[in-house]
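Trainee: Just one file: run.txt, with compact mmCIF, C-alpha atoms.
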```txt
# COMPACT_ATOMS: atom_id res chain seq x y z
CA MET A 148 0.00 0.00 0.00
CA CYS A 149 1.09 3.58 -0.69
CA LEU A 150 -0.13 6.40 1.55
CA PRO A 151 0.61 9.94 0.29
CA ILE A 152 0.81 12.55 3.05
CA GLY A 153 0.90 16.24 2.17
CA SER A 154 0.21 19.51 3.95
CA ILE A 155 -1.85 22.66 3.52
CA GLU A 156 0.56 25.55 4.08
CA GLN A 157 1.98 28.68 2.54
CA HIS A 158 4.60 28.23 -0.17
CA GLY A 159 5.32 31.85 -1.00
CA PRO A 160 3.45 33.98 -3.51
CA HIS A 161 4.06 31.67 -6.47
CA LEU A 162 2.96 28.23 -5.26
CA PRO A 163 -0.44 27.05 -3.97
CA LEU A 164 -1.30 26.08 -0.41
CA ASN A 165 -1.68 22.44 -1.45
CA THR A 166 1.80 22.16 -2.99
CA ASP A 167 2.83 19.32 -0.68
CA VAL A 168 -0.39 17.44 -1.46
CA VAL A 169 0.19 17.82 -5.21
CA LEU A 170 3.79 16.63 -4.87
CA ALA A 171 2.99 13.67 -2.60
CA GLU A 172 0.27 12.52 -5.00
CA GLY A 173 2.51 13.18 -8.01
CA PHE A 174 5.36 11.11 -6.59
CA THR A 175 2.91 8.35 -5.70
CA ARG A 176 1.40 8.37 -9.18
CA HIS A 177 4.83 8.01 -10.80
CA ILE A 178 5.88 5.29 -8.35
CA MET A 179 2.67 3.37 -9.02
CA ALA A 180 3.18 3.66 -12.78
CA ARG A 181 6.77 2.36 -12.58
CA TRP A 182 6.49 -0.25 -9.83
CA GLY A 183 2.78 -1.02 -9.44
CA GLU A 184 2.78 -4.37 -11.22
CA SER A 185 6.14 -5.49 -9.86
CA PHE A 186 5.10 -4.96 -6.23
CA ASP A 187 1.29 -5.22 -6.50
CA LEU A 188 0.90 -1.63 -5.29
CA TRP A 189 -2.32 0.15 -4.56
CA GLN A 190 -2.95 3.62 -3.22
CA LEU A 191 -4.73 4.77 -0.08
CA PRO A 192 -6.55 8.13 -0.01
CA THR A 193 -4.25 11.09 0.55
CA MET A 194 -3.84 12.54 4.02
CA SER A 195 -3.80 16.24 3.14
CA ILE A 196 -3.50 18.03 6.50
CA SER A 197 -0.58 17.23 8.75
CA LEU A 198 1.93 19.03 10.99
CA ALA A 199 2.76 22.55 9.77
CA ARG A 200 3.10 24.73 12.85
CA GLU A 201 6.08 26.61 11.35
CA HIS A 202 3.76 28.16 8.74
CA GLU A 203 0.78 29.06 10.95
CA TRP A 204 1.52 32.78 10.62
CA ALA A 205 0.24 32.64 7.02
CA PRO A 206 -3.46 32.77 6.09
CA GLY A 207 -4.67 29.47 4.66
CA THR A 208 -2.15 27.27 6.47
CA MET A 209 -3.83 24.42 8.34
CA SER A 210 -2.01 22.25 10.87
CA LEU A 211 -2.86 19.39 13.16
CA SER A 212 -1.47 19.39 16.68
CA ILE A 213 1.05 16.73 17.64
CA GLN A 214 -1.70 15.02 19.63
CA GLY A 215 -4.10 15.24 16.70
CA MET A 216 -1.66 13.82 14.18
CA THR A 217 -0.69 11.03 16.54
CA ALA A 218 -4.33 10.10 17.07
CA LEU A 219 -5.10 10.28 13.34
CA MET A 220 -2.15 8.09 12.33
CA ARG A 221 -2.87 5.54 15.05
CA ASP A 222 -6.55 5.38 14.08
CA LEU A 223 -5.55 4.97 10.44
CA GLY A 224 -3.12 2.18 11.33
CA ARG A 225 -5.80 0.44 13.35
CA GLU A 226 -8.30 0.66 10.48
CA ILE A 227 -5.81 -0.61 7.90
CA ALA A 228 -5.06 -3.62 10.10
CA ARG A 229 -8.78 -4.25 10.73
CA ALA A 230 -10.22 -3.68 7.28
CA LEU A 231 -7.52 -4.65 4.78
CA PRO A 232 -5.53 -7.82 4.08
CA ALA A 233 -2.30 -6.00 3.20
CA ARG A 234 0.31 -5.33 5.88
CA ASN A 235 3.06 -3.60 3.88
CA LEU A 236 2.82 0.19 3.93
CA MET A 237 4.98 2.84 2.26
CA ILE A 238 4.14 6.34 3.51
CA ILE A 239 5.15 8.87 0.86
CA ASN A 240 5.82 12.07 2.77
CA GLY A 241 5.44 15.31 0.82
CA HIS A 242 6.13 17.65 3.75
CA GLY A 243 9.51 17.86 5.47
CA GLY A 244 7.97 19.04 8.73
CA ASN A 245 6.38 15.60 9.19
CA ARG A 246 9.64 13.70 9.33
CA GLY A 247 10.19 13.67 13.09
CA ILE A 248 6.69 12.64 14.07
CA LEU A 249 6.41 10.01 11.34
CA GLU A 250 9.70 8.45 12.39
CA ALA A 251 8.21 7.98 15.85
CA LEU A 252 4.78 6.85 14.69
CA ILE A 253 5.93 4.07 12.36
CA GLN A 254 7.19 2.35 15.50
CA ASP A 255 3.58 2.36 16.75
CA LEU A 256 2.29 1.14 13.38
CA ARG A 257 4.63 -1.84 13.58
CA ALA A 258 4.46 -2.67 17.28
CA ASP A 259 0.78 -1.95 17.98
CA PHE A 260 -0.91 -2.82 14.67
CA GLY A 261 1.45 -5.28 13.00
CA LEU A 262 2.11 -3.13 9.93
CA ASN A 263 5.38 -3.50 8.04
CA ALA A 264 5.85 0.20 7.34
CA CYS A 265 8.41 2.72 6.13
CA VAL A 266 8.37 6.46 5.45
CA PHE A 267 9.78 7.62 2.12
CA HIS A 268 11.00 11.25 2.02
CA PRO A 269 11.44 12.18 -1.68
CA ALA A 270 12.60 15.75 -1.05
CA GLU A 271 15.62 14.54 0.89
CA LEU A 272 16.96 12.61 -2.10
CA VAL A 273 17.77 15.78 -4.05
CA PRO A 274 21.55 16.36 -4.22
CA VAL A 275 22.78 19.42 -2.33
CA ASP A 276 24.10 22.23 -4.51
CA GLY A 277 27.51 23.03 -3.09
CA HIS A 278 27.76 26.27 -5.06
CA THR A 279 25.14 28.17 -3.08
CA LEU A 280 25.06 29.29 0.54
CA LEU A 281 21.26 29.21 0.60
CA PRO A 282 19.79 25.79 1.47
CA GLU A 283 16.71 24.64 -0.43
CA ILE A 284 14.23 24.24 2.42
CA HIS A 285 10.82 25.50 1.33
CA GLY A 286 9.25 26.85 -1.86
CA GLY A 287 12.59 27.34 -3.59
CA LYS A 288 14.33 25.81 -6.60
CA ASN A 289 13.50 22.17 -5.91
CA GLU A 290 9.83 22.45 -4.94
CA THR A 291 9.14 24.99 -7.68
CA SER A 292 10.86 22.77 -10.26
CA LEU A 293 8.77 19.80 -9.17
CA MET A 294 5.57 21.82 -9.44
CA LEU A 295 6.60 23.01 -12.91
CA ALA A 296 7.01 19.35 -13.89
CA ILE A 297 3.90 17.95 -12.17
CA ALA A 298 1.36 20.79 -12.17
CA PRO A 299 2.69 23.81 -14.10
CA HIS A 300 -0.77 25.35 -14.30
CA LEU A 301 -0.66 25.91 -10.52
CA VAL A 302 2.61 27.88 -10.58
CA ARG A 303 2.29 31.66 -10.73
CA GLN A 304 5.51 32.20 -12.62
CA ASP A 305 5.01 35.95 -12.79
CA ARG A 306 5.28 36.10 -8.98
CA ILE A 307 8.69 34.43 -8.81
CA ALA A 308 10.48 37.62 -9.79
CA GLN A 309 9.18 39.27 -6.59
CA LEU A 310 11.30 36.95 -4.45
CA LYS A 311 14.68 37.87 -3.05
CA SER A 312 17.11 35.64 -1.21
CA PRO A 313 17.22 36.16 2.55
CA PRO A 314 20.25 38.22 3.56
CA ASP A 315 22.12 35.56 5.48
CA GLY A 316 22.35 32.01 4.18
CA GLU A 317 24.41 31.08 7.22
CA ALA A 318 21.47 31.97 9.48
CA VAL A 319 19.39 29.36 7.67
CA ALA A 320 22.05 26.74 8.24
CA MET A 321 22.46 27.64 11.90
CA THR A 322 18.75 27.84 12.70
CA ILE A 323 17.44 24.89 10.70
CA LEU A 324 20.37 22.66 9.79
CA GLN A 325 22.74 23.00 12.73
CA LYS A 326 24.26 19.63 13.62
CA GLY A 327 23.55 18.37 17.10
CA VAL A 328 20.83 20.93 17.87
CA THR A 329 17.16 21.28 16.97
CA TRP A 330 15.64 24.78 17.04
CA PRO A 331 12.02 25.82 16.62
CA TRP A 332 11.70 28.05 13.58
CA VAL A 333 9.04 29.80 11.53
CA SER A 334 9.01 30.62 7.85
CA ASP A 335 8.30 34.33 8.34
CA ASP A 336 11.64 34.85 10.13
CA ARG A 337 13.33 37.44 7.90
CA ARG A 338 16.76 35.99 8.69
CA LEU A 339 15.69 32.78 7.01
CA ALA A 340 13.06 33.52 4.41
CA ASP A 341 11.71 36.02 1.93
CA MET A 342 7.90 36.01 1.63
CA GLY A 343 7.86 32.60 3.28
CA VAL A 344 10.34 31.05 0.84
CA ILE A 345 13.68 29.53 1.85
CA GLY A 346 15.55 28.80 -1.37
CA ASP A 347 16.02 30.17 -4.88
CA ALA A 348 12.79 29.77 -6.85
CA GLN A 349 14.22 31.84 -9.71
CA ALA A 350 16.59 28.96 -10.52
CA ALA A 351 13.73 26.48 -10.94
CA SER A 352 12.96 24.63 -14.17
CA ALA A 353 10.63 21.87 -15.31
CA GLU A 354 13.70 19.95 -16.55
CA LEU A 355 15.16 19.86 -13.04
CA GLY A 356 11.78 18.74 -11.73
CA GLN A 357 11.70 15.83 -14.16
CA ARG A 358 15.21 14.78 -13.16
CA ILE A 359 14.22 14.81 -9.48
CA ILE A 360 11.13 12.71 -10.23
CA GLY A 361 13.25 10.18 -12.10
CA LEU A 362 15.67 9.90 -9.17
CA VAL A 363 12.82 9.50 -6.68
CA VAL A 364 11.02 6.86 -8.71
CA GLU A 365 14.12 4.72 -9.27
CA THR A 366 15.09 4.99 -5.59
CA ALA A 367 11.57 3.94 -4.61
CA GLY A 368 12.09 0.57 -6.29
CA GLY A 369 14.90 -0.30 -3.89
CA VAL A 370 12.88 0.94 -0.93
CA LEU A 371 9.92 -1.23 -1.89
CA LYS A 372 12.16 -4.28 -2.24
CA GLN A 373 13.64 -3.62 1.19
CA LEU A 374 10.14 -3.21 2.63
CA LEU A 375 9.19 -6.68 1.39
CA ASP A 376 12.47 -8.13 2.60
CA ASN A 377 11.72 -6.72 6.07
CA GLN A 378 8.75 -9.07 6.34
CA ARG A 379 11.21 -11.91 6.88
CA LEU A 380 12.99 -10.21 9.76
CA PRO A 381 12.26 -11.23 13.37
CA GLY A 382 9.24 -9.39 14.76
CA HIS A 383 7.48 -8.93 11.40
```
Please go through the file and, once you have read it, give me the structure as structure tokens.

Mentor:
Amino acid sequence: MCLPIGSIEQHGPHLPLNTDVVLAEGFTRHIMARWGESFDLWQLPTMSISLAREHEWAPGTMSLSIQGMTALMRDLGREIARALPARNLMIINGHGGNRGILEALIQDLRADFGLNACVFHPAELVPVDGHTLLPEIHGGKNETSLMLAIAPHLVRQDRIAQLKSPPDGEAVAMTILQKGVTWPWVSDDRRLADMGVIGDAQAASAELGQRIIGLVVETAGGVLKQLLDNQRLPGH
């Protein structure tokens, strides 16, 4: 089973609130097309609202609480185990802010409901550009490229020119990416973002988006094989 999880949150002036939903469903669609027959895949309905507290300053953003997301995922796991014969579950996570909670919750899905689960994070497969000081965190080159490849009609390309890079790329690295420390952060912090965007949307292209999709889809094949192999491990 494949479960796309997105988010409803601001993505700057040029991308829609449901960007993470569109991307999670787009990745899932491509994975199903490439690997569906090989692994007998089928798709669960998308979970569109998740954990997006860092964007709550922006109108339109919707976020569950930690307690709410925990309850929702546990209820979903319970229903999958009760209602469906399948026990192998790939969660396809379209929102980086979900990573921490999903890493914890898949332990519950395995231990409490007997699901053989993994969480696939497509955005984290994109190679880091060593030539720029500005990390691609949110609404920048990578996400905009993916939207240009998957749903170009939803990209307001005329708004991209309004964006400017935040003044201090090192502040982004220290506040969001600092090794050994986790900091709370919000996407309207002017040290980190411009108009809610952390990254360089002006460098985006549909061609880059297609290359990222290809990398994600091919990587997914190995992940799915490992998921099936995990069934034979003790405790599964």

Trainee: Excluding same-chain residues fewer than 4 positions from stretch 191-199 of chain A, what lies within 7 Å of it counting only C-alpha atoms, as a PyMOL selection string?

Mentor: chain A and resi 148-156+168+203+209-212+216+244-245

Trainee: Would you mind listing what lies within 8 Å of stretch 348-355 of chain A as a ChimeraX atom specification, with all atoms listed in the file counted and same-chain residues fewer than 6 positions away left out?

Mentor: /A:286-289,291-296,307-308,310

Trainee: Export C-alpha atoms of the chosen residues as a PDB file, keeping the file's coordinate frame?

Mentor:
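The resulting file, result_23.pdb, is reproduced below:
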```
ATOM      1  CA  GLY A 286       9.250  26.850  -1.860  1.00  0.00           C
ATOM      2  CA  GLY A 287      12.590  27.340  -3.590  1.00  0.00           C
ATOM      3  CA  LYS A 288      14.330  25.810  -6.600  1.00  0.00           C
ATOM      4  CA  ASN A 289      13.500  22.170  -5.910  1.00  0.00           C
ATOM      5  CA  THR A 291       9.140  24.990  -7.680  1.00  0.00           C
ATOM      6  CA  SER A 292      10.860  22.770 -10.260  1.00  0.00           C
ATOM      7  CA  LEU A 293       8.770  19.800  -9.170  1.00  0.00           C
ATOM      8  CA  MET A 294       5.570  21.820  -9.440  1.00  0.00           C
ATOM      9  CA  LEU A 295       6.600  23.010 -12.910  1.00  0.00           C
ATOM     10  CA  ALA A 296       7.010  19.350 -13.890  1.00  0.00           C
ATOM     11  CA  ILE A 307       8.690  34.430  -8.810  1.00  0.00           C
ATOM     12  CA  ALA A 308      10.480  37.620  -9.790  1.00  0.00           C
ATOM     13  CA  LEU A 310      11.300  36.950  -4.450  1.00  0.00           C
TER      14      LEU A 310
END
```

Trainee: Please determine, counting all atoms listed in the file, which residue among A:Gly368, A:Gly224, A:Gly215, A:Gly247 has the shortest atom-to-atom distance to A:Thr329.

Mentor: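 Among the listed residues, the smallest separation from A:Thr329 belongs to A:Gly247.
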
Trainee: Mind listing whatever residues come within 12 Å of the point (20.9, 24.1, 7.9)? Use all atoms listed in the file, file coordinates, and give them as a VMD selection string.

Mentor: chain A and resid 275 280 to 284 315 to 330 332 339 345 to 346

Trainee: Create the file for the chosen residues now, containing C-alpha atoms and written as an mmCIF file, keeping the file's coordinate frame.

Mentor:
```
data_model
loop_
_atom_site.group_PDB
_atom_site.id
_atom_site.type_symbol
_atom_site.label_atom_id
_atom_site.label_comp_id
_atom_site.auth_asym_id
_atom_site.auth_seq_id
_atom_site.Cartn_x
_atom_site.Cartn_y
_atom_site.Cartn_z
ATOM 1 C CA VAL A 275 22.780 19.420 -2.330
ATOM 2 C CA LEU A 280 25.060 29.290 0.540
ATOM 3 C CA LEU A 281 21.260 29.210 0.600
ATOM 4 C CA PRO A 282 19.790 25.790 1.470
ATOM 5 C CA GLU A 283 16.710 24.640 -0.430
ATOM 6 C CA ILE A 284 14.230 24.240 2.420
ATOM 7 C CA ASP A 315 22.120 35.560 5.480
ATOM 8 C CA GLY A 316 22.350 32.010 4.180
ATOM 9 C CA GLU A 317 24.410 31.080 7.220
ATOM 10 C CA ALA A 318 21.470 31.970 9.480
ATOM 11 C CA VAL A 319 19.390 29.360 7.670
ATOM 12 C CA ALA A 320 22.050 26.740 8.240
ATOM 13 C CA MET A 321 22.460 27.640 11.900
ATOM 14 C CA THR A 322 18.750 27.840 12.700
ATOM 15 C CA ILE A 323 17.440 24.890 10.700
ATOM 16 C CA LEU A 324 20.370 22.660 9.790
ATOM 17 C CA GLN A 325 22.740 23.000 12.730
ATOM 18 C CA LYS A 326 24.260 19.630 13.620
ATOM 19 C CA GLY A 327 23.550 18.370 17.100
ATOM 20 C CA VAL A 328 20.830 20.930 17.870
ATOM 21 C CA THR A 329 17.160 21.280 16.970
ATOM 22 C CA TRP A 330 15.640 24.780 17.040
ATOM 23 C CA TRP A 332 11.700 28.050 13.580
ATOM 24 C CA LEU A 339 15.690 32.780 7.010
ATOM 25 C CA ILE A 345 13.680 29.530 1.850
ATOM 26 C CA GLY A 346 15.550 28.800 -1.370
#
```

Trainee: Could you give me, as JSON lines, a per-residue list for stretch 256-293 of chain A showing, wherever an atom lies at most 9 Å from an atom of stretch 232-237 of chain A, the closest pair of atoms and their distance in Å to one decimal, using only C-alpha atoms and sorting by chain then residue number from low to high?

Mentor:
```
{"residue": "A:Gly261", "atom": "CA", "partner": "A:Arg234", "partner_atom": "CA", "distance": 7.2}
{"residue": "A:Leu262", "atom": "CA", "partner": "A:Arg234", "partner_atom": "CA", "distance": 4.9}
{"residue": "A:Asn263", "atom": "CA", "partner": "A:Asn235", "partner_atom": "CA", "distance": 4.8}
{"residue": "A:Ala264", "atom": "CA", "partner": "A:Leu236", "partner_atom": "CA", "distance": 4.6}
{"residue": "A:Cys265", "atom": "CA", "partner": "A:Met237", "partner_atom": "CA", "distance": 5.2}
{"residue": "A:Val266", "atom": "CA", "partner": "A:Met237", "partner_atom": "CA", "distance": 5.9}
{"residue": "A:Phe267", "atom": "CA", "partner": "A:Met237", "partner_atom": "CA", "distance": 6.8}
```

Trainee: Nearest to A:Glu201 among A:Pro299, A:Gly356, A:Pro274, A:Gly243, with distances taken over all atoms listed in the file: which residue is it?

Mentor: A:Gly243

Trainee: Residues around (0.9, 29.9, 0.4), cut-off 10 Å, counting only C-alpha atoms - what are they as a list of chain:residue names?

Mentor: A:Ile155, A:Glu156, A:Gln157, A:His158, A:Gly159, A:Pro160, A:His161, A:Leu162, A:Pro163, A:Leu164, A:Asn165, A:Thr166, A:His202, A:Ala205, A:Pro206, A:Gly207, A:Thr208, A:Gly286, A:Met342, A:Gly343, A:Val344

Trainee: Quick check, in Å to one decimal: how far apart do atom CA of A:Met179 and atom CA of A:Val364 lie?

Mentor: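 We find that atom CA of A:Met179 and atom CA of A:Val364 lie 9.1 Å from each other.
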
Trainee: Between A:Leu272, A:Ala171, A:Val370, A:Ala340, which has the minimum distance to A:Ser312 (counting all atoms listed in the file)?

Mentor: A:Ala340

Trainee: Which of these, A:Glu172, A:Ile248, A:His285, A:Ala270, has the shortest distance to A:Met220 once you count all atoms listed in the file?

Mentor: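 Looking at the shortest contact to A:Met220, the residue is A:Ile248.
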
Trainee: Could you tell me how far atom CA of A:Val363 sits from atom CA of A:Ile213, in Å to one decimal place?

Mentor: 28.0 Å

Trainee: Could you jot down the atom CA of A:Ala298 to atom CA of A:Pro313 separation for me, Å, one decimal place?

Mentor: 26.5 Å
